[in-house]
$ cat work-v2.cif   # mmCIF, C-alpha atoms
data_final
#
loop_
_atom_site.label_atom_id
_atom_site.label_comp_id
_atom_site.auth_asym_id
_atom_site.auth_seq_id
_atom_site.Cartn_x
_atom_site.Cartn_y
_atom_site.Cartn_z
CA ASP N 1 -10.31 -12.02 -12.34
CA THR N 2 -7.27 -13.76 -10.90
CA GLY N 3 -5.94 -10.85 -8.88
CA VAL N 4 -2.50 -9.28 -8.95
CA SER N 5 0.35 -11.79 -9.03
CA GLN N 6 4.01 -11.26 -8.22
CA ASN N 7 7.02 -13.45 -8.82
CA PRO N 8 9.09 -14.58 -7.14
CA ARG N 9 7.54 -14.51 -3.67
CA HIS N 10 10.93 -14.65 -2.02
CA LYS N 11 14.41 -13.76 -3.25
CA ILE N 12 17.69 -14.11 -1.40
CA THR N 13 20.67 -12.55 -3.10
CA LYS N 14 24.19 -11.53 -2.30
CA ARG N 15 25.18 -7.90 -2.08
CA GLY N 16 26.20 -6.57 -5.47
CA GLN N 17 23.99 -8.88 -7.50
CA ASN N 18 21.15 -7.73 -9.75
CA VAL N 19 17.57 -8.87 -9.16
CA THR N 20 14.38 -8.54 -11.18
CA PHE N 21 10.81 -8.87 -9.96
CA ARG N 22 7.70 -9.32 -12.06
CA CYS N 23 4.16 -8.07 -11.49
CA ASP N 24 1.06 -9.16 -13.43
CA PRO N 25 -1.79 -6.75 -12.67
CA ILE N 26 -5.51 -7.42 -12.87
CA SER N 27 -6.40 -7.47 -16.54
CA GLU N 28 -7.80 -4.18 -17.87
CA HIS N 29 -6.29 -2.22 -14.96
CA ASN N 30 -4.27 0.44 -16.71
CA ARG N 31 -2.71 1.88 -13.53
CA LEU N 32 0.19 0.04 -11.91
CA TYR N 33 2.17 0.98 -8.82
CA TRP N 34 5.31 -0.32 -7.13
CA TYR N 35 5.98 0.12 -3.42
CA ARG N 36 8.65 -0.84 -0.92
CA GLN N 37 7.71 -1.83 2.60
CA THR N 38 10.00 -2.42 5.54
CA LEU N 39 8.97 -4.21 8.69
CA GLY N 40 6.30 -2.41 10.69
CA GLN N 41 5.98 0.49 8.26
CA GLY N 42 3.40 1.45 5.68
CA PRO N 43 4.26 0.93 2.00
CA GLU N 44 6.42 3.65 0.41
CA PHE N 45 5.55 4.72 -3.13
CA LEU N 46 8.26 3.95 -5.70
CA THR N 47 6.76 4.46 -9.13
CA TYR N 48 3.54 4.68 -11.16
CA PHE N 49 2.64 3.54 -14.66
CA GLN N 50 -0.40 4.50 -16.67
CA ASN N 51 -0.50 1.91 -19.43
CA GLU N 52 3.12 1.72 -20.61
CA ALA N 53 4.07 5.25 -19.57
CA GLN N 54 6.01 5.76 -16.34
CA LEU N 55 4.46 8.99 -15.08
CA GLU N 56 5.87 9.29 -11.57
CA LYS N 57 9.04 8.19 -9.79
CA SER N 58 9.87 8.66 -6.15
CA ARG N 59 13.21 10.07 -5.09
CA LEU N 60 13.51 6.76 -3.23
CA LEU N 61 14.01 5.17 -6.65
CA SER N 62 17.74 5.64 -6.99
CA ASP N 63 19.72 5.11 -10.18
CA ARG N 64 20.09 1.46 -9.25
CA PHE N 65 16.34 0.93 -9.56
CA SER N 66 14.51 0.73 -12.85
CA ALA N 67 10.97 -0.27 -13.73
CA GLU N 68 9.32 -1.05 -17.03
CA ARG N 69 5.89 -1.87 -18.34
CA PRO N 70 6.63 -2.44 -22.00
CA LYS N 71 3.22 -3.39 -23.33
CA GLY N 72 1.04 -1.85 -20.69
CA SER N 73 0.36 -5.23 -19.11
CA PHE N 74 2.96 -6.83 -16.81
CA SER N 75 5.72 -4.81 -15.18
CA THR N 76 9.24 -5.53 -13.98
CA LEU N 77 11.28 -3.88 -11.25
CA GLU N 78 15.04 -4.32 -11.43
CA ILE N 79 17.53 -3.50 -8.71
CA GLN N 80 21.16 -3.37 -9.78
CA ARG N 81 24.13 -3.82 -7.46
CA THR N 82 21.93 -4.69 -4.50
CA GLU N 83 22.79 -3.38 -1.04
CA GLN N 84 21.73 -4.69 2.35
CA GLY N 85 19.48 -1.66 2.74
CA ASP N 86 17.44 -2.90 -0.21
CA SER N 87 16.13 -5.76 1.91
CA ALA N 88 12.37 -5.21 2.08
CA MET N 89 9.01 -6.37 0.76
CA TYR N 90 8.35 -5.08 -2.75
CA LEU N 91 4.67 -4.70 -3.48
CA CYS N 92 2.85 -4.18 -6.74
CA ALA N 93 -0.69 -2.86 -7.03
CA SER N 94 -3.06 -2.10 -9.87
CA SER N 95 -6.03 0.20 -10.13
CA PRO N 96 -8.86 0.35 -12.66
CA ALA N 97 -8.84 3.02 -15.32
CA LEU N 98 -12.18 4.63 -14.66
CA THR N 99 -12.03 5.16 -10.91
CA SER N 100 -11.40 8.65 -9.62
CA THR N 101 -10.61 7.38 -6.16
CA TYR N 102 -7.49 5.32 -6.93
CA GLU N 103 -8.27 2.20 -4.92
CA GLN N 104 -5.36 -0.20 -5.08
CA TYR N 105 -5.44 -3.96 -5.46
CA PHE N 106 -2.24 -5.50 -4.22
CA GLY N 107 -0.27 -8.57 -5.04
CA PRO N 108 1.26 -10.75 -2.32
CA GLY N 109 4.63 -9.05 -2.62
CA THR N 110 8.20 -10.19 -3.20
CA ARG N 111 10.36 -10.36 -0.09
CA LEU N 112 13.97 -9.52 -0.90
CA THR N 113 16.80 -10.42 1.45
CA VAL N 114 20.26 -9.12 0.58
CA THR N 115 23.05 -10.94 2.41
CA THR A 1 4.13 15.27 -0.74
CA GLN A 2 1.20 14.97 1.63
CA LEU A 3 1.65 12.99 4.84
CA LEU A 4 -0.71 10.71 6.74
CA GLU A 5 -0.11 10.10 10.44
CA GLN A 6 -1.87 7.25 12.20
CA SER A 7 -2.46 6.72 15.88
CA PRO A 8 -2.01 4.71 17.89
CA GLN A 9 0.99 2.95 16.39
CA PHE A 10 0.29 -0.24 18.35
CA LEU A 11 -2.84 -1.52 20.04
CA SER A 12 -3.31 -4.73 22.01
CA ILE A 13 -6.81 -5.39 23.30
CA GLN A 14 -9.00 -8.20 24.59
CA GLU A 15 -11.63 -9.85 22.45
CA GLY A 16 -14.94 -7.99 22.73
CA GLU A 17 -13.45 -4.54 23.33
CA ASN A 18 -14.05 -1.55 21.09
CA LEU A 19 -11.29 0.54 19.52
CA THR A 20 -10.72 3.53 17.28
CA VAL A 21 -7.80 4.17 14.94
CA TYR A 22 -7.08 7.67 13.66
CA CYS A 23 -5.59 8.91 10.41
CA ASN A 24 -4.62 12.58 10.26
CA SER A 25 -3.15 14.98 7.74
CA SER A 26 -2.63 18.71 7.44
CA SER A 27 -3.63 18.42 3.77
CA VAL A 28 -6.94 17.81 2.05
CA PHE A 29 -7.39 14.45 0.35
CA SER A 30 -9.85 13.89 -2.49
CA SER A 31 -10.47 10.41 -1.09
CA LEU A 32 -9.03 8.10 1.50
CA GLN A 33 -8.84 4.33 1.53
CA TRP A 34 -8.42 1.95 4.47
CA TYR A 35 -6.57 -1.35 4.09
CA ARG A 36 -5.77 -4.29 6.35
CA GLN A 37 -2.55 -6.19 5.90
CA GLU A 38 -1.58 -9.54 7.38
CA PRO A 39 2.04 -10.71 7.76
CA GLY A 40 3.62 -11.76 4.49
CA GLU A 41 0.72 -10.54 2.35
CA GLY A 42 -0.22 -7.39 0.46
CA PRO A 43 -2.73 -4.89 1.87
CA VAL A 44 -6.39 -5.66 1.23
CA LEU A 45 -8.79 -2.80 0.50
CA LEU A 46 -11.53 -2.35 3.11
CA VAL A 47 -13.28 0.86 2.10
CA THR A 48 -13.06 4.16 0.23
CA VAL A 49 -14.42 7.44 1.64
CA VAL A 50 -14.88 10.41 -0.64
CA THR A 51 -17.29 12.97 0.80
CA GLY A 52 -16.50 15.09 3.85
CA GLY A 53 -18.47 13.77 6.84
CA GLU A 54 -19.15 10.45 5.12
CA VAL A 55 -19.69 7.41 7.32
CA LYS A 56 -19.43 3.87 5.96
CA LYS A 57 -20.04 0.61 7.78
CA LEU A 58 -18.57 -2.77 7.01
CA LYS A 59 -20.02 -5.27 9.51
CA ARG A 60 -18.39 -4.31 12.85
CA LEU A 61 -16.13 -1.68 11.24
CA THR A 62 -17.23 1.95 10.95
CA PHE A 63 -15.23 4.40 8.85
CA GLN A 64 -15.61 8.16 8.95
CA PHE A 65 -14.12 10.89 6.75
CA GLY A 66 -13.62 14.25 8.43
CA ASP A 67 -15.73 17.19 7.31
CA ALA A 68 -12.65 18.95 5.92
CA ARG A 69 -11.35 15.73 4.30
CA LYS A 70 -8.09 15.97 6.26
CA ASP A 71 -8.68 13.09 8.64
CA SER A 72 -10.43 9.77 8.98
CA SER A 73 -11.17 7.23 11.67
CA LEU A 74 -11.82 3.53 11.86
CA HIS A 75 -13.90 2.20 14.75
CA ILE A 76 -14.15 -1.51 15.46
CA THR A 77 -16.94 -2.77 17.69
CA ALA A 78 -16.52 -5.96 19.70
CA ALA A 79 -13.10 -6.81 18.26
CA GLN A 80 -12.32 -10.41 17.41
CA PRO A 81 -8.97 -12.20 17.02
CA GLY A 82 -9.59 -12.26 13.26
CA ASP A 83 -9.35 -8.45 13.26
CA THR A 84 -5.65 -8.70 14.12
CA GLY A 85 -3.45 -7.04 11.52
CA LEU A 86 -1.84 -3.85 10.28
CA TYR A 87 -4.42 -1.17 9.45
CA LEU A 88 -3.37 1.42 6.90
CA CYS A 89 -5.02 4.55 5.63
CA ALA A 90 -3.96 5.86 2.23
CA GLY A 91 -4.87 8.32 -0.47
CA PRO A 92 -3.79 10.03 -3.67
CA ASP A 93 -1.26 12.84 -3.31
CA SER A 94 -2.73 16.04 -4.68
CA GLY A 95 -1.03 17.31 -7.82
CA THR A 96 1.05 14.17 -8.40
CA TYR A 97 0.48 10.55 -9.36
CA LYS A 98 1.83 9.36 -6.01
CA TYR A 99 -0.27 7.33 -3.60
CA ILE A 100 0.50 7.91 0.06
CA PHE A 101 0.16 5.44 2.90
CA GLY A 102 -0.15 6.26 6.56
CA THR A 103 2.30 5.09 9.17
CA GLY A 104 0.06 2.16 10.11
CA THR A 105 -1.61 0.85 13.26
CA ARG A 106 -0.73 -2.64 14.33
CA LEU A 107 -3.69 -4.24 16.10
CA LYS A 108 -3.58 -7.41 18.14
CA VAL A 109 -6.81 -8.84 19.53
CA LEU A 110 -6.31 -11.41 22.26
CA ALA A 111 -8.78 -14.26 22.73
#
$ encode --input "work-v2.cif" --output "structure tokens"
Amino acid sequence: DTGVSQNPRHKITKRGQNVTFRCDPISEHNRLYWYRQTLGQGPEFLTYFQNEAQLEKSRLLSDRFSAERPKGSFSTLEIQRTEQGDSAMYLCASSPALTSTYEQYFGPGTRLTVT
Amino acid sequence: TQLLEQSPQFLSIQEGENLTVYCNSSSVFSSLQWYRQEPGEGPVLLVTVVTGGEVKKLKRLTFQFGDARKDSSLHITAAQPGDTGLYLCAGPDSGTYKYIFGTGTRLKVLA
């Protein structure tokens, strides 16, 4: 069990550029979550996958955001036409299939800075 | 969407002191989790509480779930500098697949 990994750890981009982040969950965890966290705040839910199906999306996830989990393993989060307000930590978490309590196991996050 | 409010927002104490952090909601949660997060890292799961009135202990940390499953508390005995971090309560949003985090309590323990 190697834990949840995220790449890259840091991304600096210019406003208007597209960025893509990758999340590799703990193997055999079929639940995968994406969150956004700004300084001093708790994580905000963005989206949820159960296997390859995206079952929930927050209204925070505007049309510029898209997430995929094509084979039910790793996931990507893409932000198109980045804005300065997108600067935040993007966290990925996975959760085992058989738990009814939804504990989350988090990756280290990707810190995005939009200049 | 259910909300989780934490208090206090910030807490700065001396090593050896005791403290309690509160997590409150107007809604019932089927379970609540507590996490600790350090700067630049993802949250780390500390405990899950499921049953109303449940008390769980993790070394010097004591977690309690309210009888009505609308609130929870975290009590730290004899705090140490290593306890410094952002403490977050969280739980599944009823009727959706969302997972809701509290507003967070930032704790600093001074040596």
$ residues_around --input "work-v2.cif" --residues "stretch 82-88 of chain N" --least-positions-apart "5" --cutoff "10 Å" --atoms "only C-alpha atoms" --output "NGL selection string"
:N and (11-19 or 35-39 or 64-65 or 109-115)
$ interface_residues --input "work-v2.cif" --of "chain N" --to "chain A" --cutoff "12 Å" --atoms "only C-alpha atoms" --output "PDB file with C-alpha atoms, keeping the file's coordinate frame"
ATOM      1  CA  GLY N   3      -5.940 -10.850  -8.880  1.00  0.00           C
ATOM      2  CA  VAL N   4      -2.500  -9.280  -8.950  1.00  0.00           C
ATOM      3  CA  SER N   5       0.350 -11.790  -9.030  1.00  0.00           C
ATOM      4  CA  GLN N   6       4.010 -11.260  -8.220  1.00  0.00           C
ATOM      5  CA  ARG N   9       7.540 -14.510  -3.670  1.00  0.00           C
ATOM      6  CA  HIS N  10      10.930 -14.650  -2.020  1.00  0.00           C
ATOM      7  CA  ARG N  31      -2.710   1.880 -13.530  1.00  0.00           C
ATOM      8  CA  LEU N  32       0.190   0.040 -11.910  1.00  0.00           C
ATOM      9  CA  TYR N  33       2.170   0.980  -8.820  1.00  0.00           C
ATOM     10  CA  TRP N  34       5.310  -0.320  -7.130  1.00  0.00           C
ATOM     11  CA  TYR N  35       5.980   0.120  -3.420  1.00  0.00           C
ATOM     12  CA  ARG N  36       8.650  -0.840  -0.920  1.00  0.00           C
ATOM     13  CA  GLN N  37       7.710  -1.830   2.600  1.00  0.00           C
ATOM     14  CA  THR N  38      10.000  -2.420   5.540  1.00  0.00           C
ATOM     15  CA  LEU N  39       8.970  -4.210   8.690  1.00  0.00           C
ATOM     16  CA  GLY N  40       6.300  -2.410  10.690  1.00  0.00           C
ATOM     17  CA  GLN N  41       5.980   0.490   8.260  1.00  0.00           C
ATOM     18  CA  GLY N  42       3.400   1.450   5.680  1.00  0.00           C
ATOM     19  CA  PRO N  43       4.260   0.930   2.000  1.00  0.00           C
ATOM     20  CA  GLU N  44       6.420   3.650   0.410  1.00  0.00           C
ATOM     21  CA  PHE N  45       5.550   4.720  -3.130  1.00  0.00           C
ATOM     22  CA  LEU N  46       8.260   3.950  -5.700  1.00  0.00           C
ATOM     23  CA  THR N  47       6.760   4.460  -9.130  1.00  0.00           C
ATOM     24  CA  TYR N  48       3.540   4.680 -11.160  1.00  0.00           C
ATOM     25  CA  PHE N  49       2.640   3.540 -14.660  1.00  0.00           C
ATOM     26  CA  GLN N  50      -0.400   4.500 -16.670  1.00  0.00           C
ATOM     27  CA  GLN N  54       6.010   5.760 -16.340  1.00  0.00           C
ATOM     28  CA  LEU N  55       4.460   8.990 -15.080  1.00  0.00           C
ATOM     29  CA  GLU N  56       5.870   9.290 -11.570  1.00  0.00           C
ATOM     30  CA  LYS N  57       9.040   8.190  -9.790  1.00  0.00           C
ATOM     31  CA  SER N  58       9.870   8.660  -6.150  1.00  0.00           C
ATOM     32  CA  ARG N  59      13.210  10.070  -5.090  1.00  0.00           C
ATOM     33  CA  ALA N  88      12.370  -5.210   2.080  1.00  0.00           C
ATOM     34  CA  MET N  89       9.010  -6.370   0.760  1.00  0.00           C
ATOM     35  CA  TYR N  90       8.350  -5.080  -2.750  1.00  0.00           C
ATOM     36  CA  LEU N  91       4.670  -4.700  -3.480  1.00  0.00           C
ATOM     37  CA  CYS N  92       2.850  -4.180  -6.740  1.00  0.00           C
ATOM     38  CA  ALA N  93      -0.690  -2.860  -7.030  1.00  0.00           C
ATOM     39  CA  SER N  94      -3.060  -2.100  -9.870  1.00  0.00           C
ATOM     40  CA  SER N  95      -6.030   0.200 -10.130  1.00  0.00           C
ATOM     41  CA  THR N  99     -12.030   5.160 -10.910  1.00  0.00           C
ATOM     42  CA  SER N 100     -11.400   8.650  -9.620  1.00  0.00           C
ATOM     43  CA  THR N 101     -10.610   7.380  -6.160  1.00  0.00           C
ATOM     44  CA  TYR N 102      -7.490   5.320  -6.930  1.00  0.00           C
ATOM     45  CA  GLU N 103      -8.270   2.200  -4.920  1.00  0.00           C
ATOM     46  CA  GLN N 104      -5.360  -0.200  -5.080  1.00  0.00           C
ATOM     47  CA  TYR N 105      -5.440  -3.960  -5.460  1.00  0.00           C
ATOM     48  CA  PHE N 106      -2.240  -5.500  -4.220  1.00  0.00           C
ATOM     49  CA  GLY N 107      -0.270  -8.570  -5.040  1.00  0.00           C
ATOM     50  CA  PRO N 108       1.260 -10.750  -2.320  1.00  0.00           C
ATOM     51  CA  GLY N 109       4.630  -9.050  -2.620  1.00  0.00           C
ATOM     52  CA  THR N 110       8.200 -10.190  -3.200  1.00  0.00           C
ATOM     53  CA  ARG N 111      10.360 -10.360  -0.090  1.00  0.00           C
ATOM     54  CA  LEU N 112      13.970  -9.520  -0.900  1.00  0.00           C
TER      55      LEU N 112
END
$ atom_distance --input "work-v2.cif" --atom1 "atom CA of A:Ser72" --atom2 "atom CA of A:Arg36"
15.0 Å
$ atom_distance --input "work-v2.cif" --atom1 "atom CA of A:Thr1" --atom2 "atom CA of A:Thr51"
21.6 Å
$ residues_around --input "work-v2.cif" --residues "A:Thr20" --least-positions-apart "4" --cutoff "7 Å" --atoms "all atoms listed in the file" --output "list of chain:residue names"
A:Ser73, A:Leu74, A:His75, A:Ile76
$ axis_aligned_box --input "work-v2.cif" --around "stretch 92-95 of chain A" --padding-each-side "3 Å" --output "lines of an AutoDock Vina configuration file"
center_x = -2.4
center_y = 13.7
center_z = -5.6
size_x = 8.8
size_y = 13.3
size_z = 10.5
$ resolve_selection --input "work-v2.cif" --expression "the PyMOL selection byres ((chain A and resi 110) around 9)" --output "PyMOL selection string"
chain A and resi 12-15+80-81+84+108-109+111
$ write_last_selection --input "work-v2.cif" --atoms "C-alpha atoms" --output "compact mmCIF listing (two decimals), in the coordinates of the input"
# COMPACT_ATOMS: atom_id res chain seq x y z
CA SER A 12 -3.31 -4.73 22.01
CA ILE A 13 -6.81 -5.39 23.30
CA GLN A 14 -9.00 -8.20 24.59
CA GLU A 15 -11.63 -9.85 22.45
CA GLN A 80 -12.32 -10.41 17.41
CA PRO A 81 -8.97 -12.20 17.02
CA THR A 84 -5.65 -8.70 14.12
CA LYS A 108 -3.58 -7.41 18.14
CA VAL A 109 -6.81 -8.84 19.53
CA ALA A 111 -8.78 -14.26 22.73
$ residues_around --input "work-v2.cif" --residues "N:Thr76" --least-positions-apart "6" --cutoff "6 Å" --atoms "all atoms listed in the file" --output "PyMOL selection string"
chain N and resi 21-22+67-68
$ closest_residue --input "work-v2.cif" --among "N:Ala53, N:Leu60, N:Ala97, N:Ile26" --to "N:Gly72" --atoms "only C-alpha atoms"
N:Ala53
$ residues_around --input "work-v2.cif" --residues "N:Phe74" --least-positions-apart "4" --cutoff "6 Å" --atoms "all atoms listed in the file" --output "list in words"
Cys23, Asp24 and Arg69 of chain N
$ atom_distance --input "work-v2.cif" --atom1 "atom CA of A:Leu4" --atom2 "atom CA of A:Leu107"
17.9 Å
$ closest_residue --input "work-v2.cif" --among "A:Leu11, A:Val28, A:Val21, A:Ala78" --to "A:Gln64" --atoms "only C-alpha atoms"
A:Val21
$ build_atoms --input "work-v2.cif" --residues "stretch 82-98 of chain A" --atoms "N, CA and C atoms" --output "CSV table (one decimal), in the coordinates of the input"
chain,number,residue,atom,x,y,z
A,82,GLY,N,-9.7,-12.4,14.7
A,82,GLY,CA,-9.6,-12.3,13.3
A,82,GLY,C,-9.4,-10.8,12.8
A,83,ASP,N,-9.6,-9.9,13.6
A,83,ASP,CA,-9.4,-8.4,13.3
A,83,ASP,C,-7.9,-8.1,13.4
A,84,THR,N,-7.1,-9.0,13.9
A,84,THR,CA,-5.6,-8.7,14.1
A,84,THR,C,-5.0,-8.4,12.8
A,85,GLY,N,-4.2,-7.4,12.7
A,85,GLY,CA,-3.4,-7.0,11.5
A,85,GLY,C,-2.9,-5.6,11.6
A,86,LEU,N,-2.3,-5.2,10.4
A,86,LEU,CA,-1.8,-3.8,10.3
A,86,LEU,C,-2.9,-3.1,9.5
A,87,TYR,N,-3.4,-2.0,10.1
A,87,TYR,CA,-4.4,-1.2,9.4
A,87,TYR,C,-3.7,0.1,8.9
A,88,LEU,N,-4.0,0.3,7.6
A,88,LEU,CA,-3.4,1.4,6.9
A,88,LEU,C,-4.4,2.3,6.3
A,89,CYS,N,-4.2,3.6,6.4
A,89,CYS,CA,-5.0,4.6,5.6
A,89,CYS,C,-4.1,5.0,4.5
A,90,ALA,N,-4.7,5.5,3.4
A,90,ALA,CA,-4.0,5.9,2.2
A,90,ALA,C,-4.8,6.7,1.3
A,91,GLY,N,-4.1,7.5,0.5
A,91,GLY,CA,-4.9,8.3,-0.5
A,91,GLY,C,-4.0,8.9,-1.5
A,92,PRO,N,-4.6,9.4,-2.6
A,92,PRO,CA,-3.8,10.0,-3.7
A,92,PRO,C,-3.2,11.4,-3.3
A,93,ASP,N,-1.9,11.6,-3.6
A,93,ASP,CA,-1.3,12.8,-3.3
A,93,ASP,C,-1.7,13.9,-4.3
A,94,SER,N,-2.2,15.0,-3.8
A,94,SER,CA,-2.7,16.0,-4.7
A,94,SER,C,-1.6,16.6,-5.6
A,95,GLY,N,-1.9,16.7,-6.9
A,95,GLY,CA,-1.0,17.3,-7.8
A,95,GLY,C,0.1,16.4,-8.4
A,96,THR,N,0.1,15.1,-7.9
A,96,THR,CA,1.0,14.2,-8.4
A,96,THR,C,0.3,12.9,-8.7
A,97,TYR,N,1.0,11.9,-9.2
A,97,TYR,CA,0.5,10.6,-9.4
A,97,TYR,C,0.8,9.6,-8.2
A,98,LYS,N,1.4,10.2,-7.1
A,98,LYS,CA,1.8,9.4,-6.0
A,98,LYS,C,0.6,8.9,-5.2
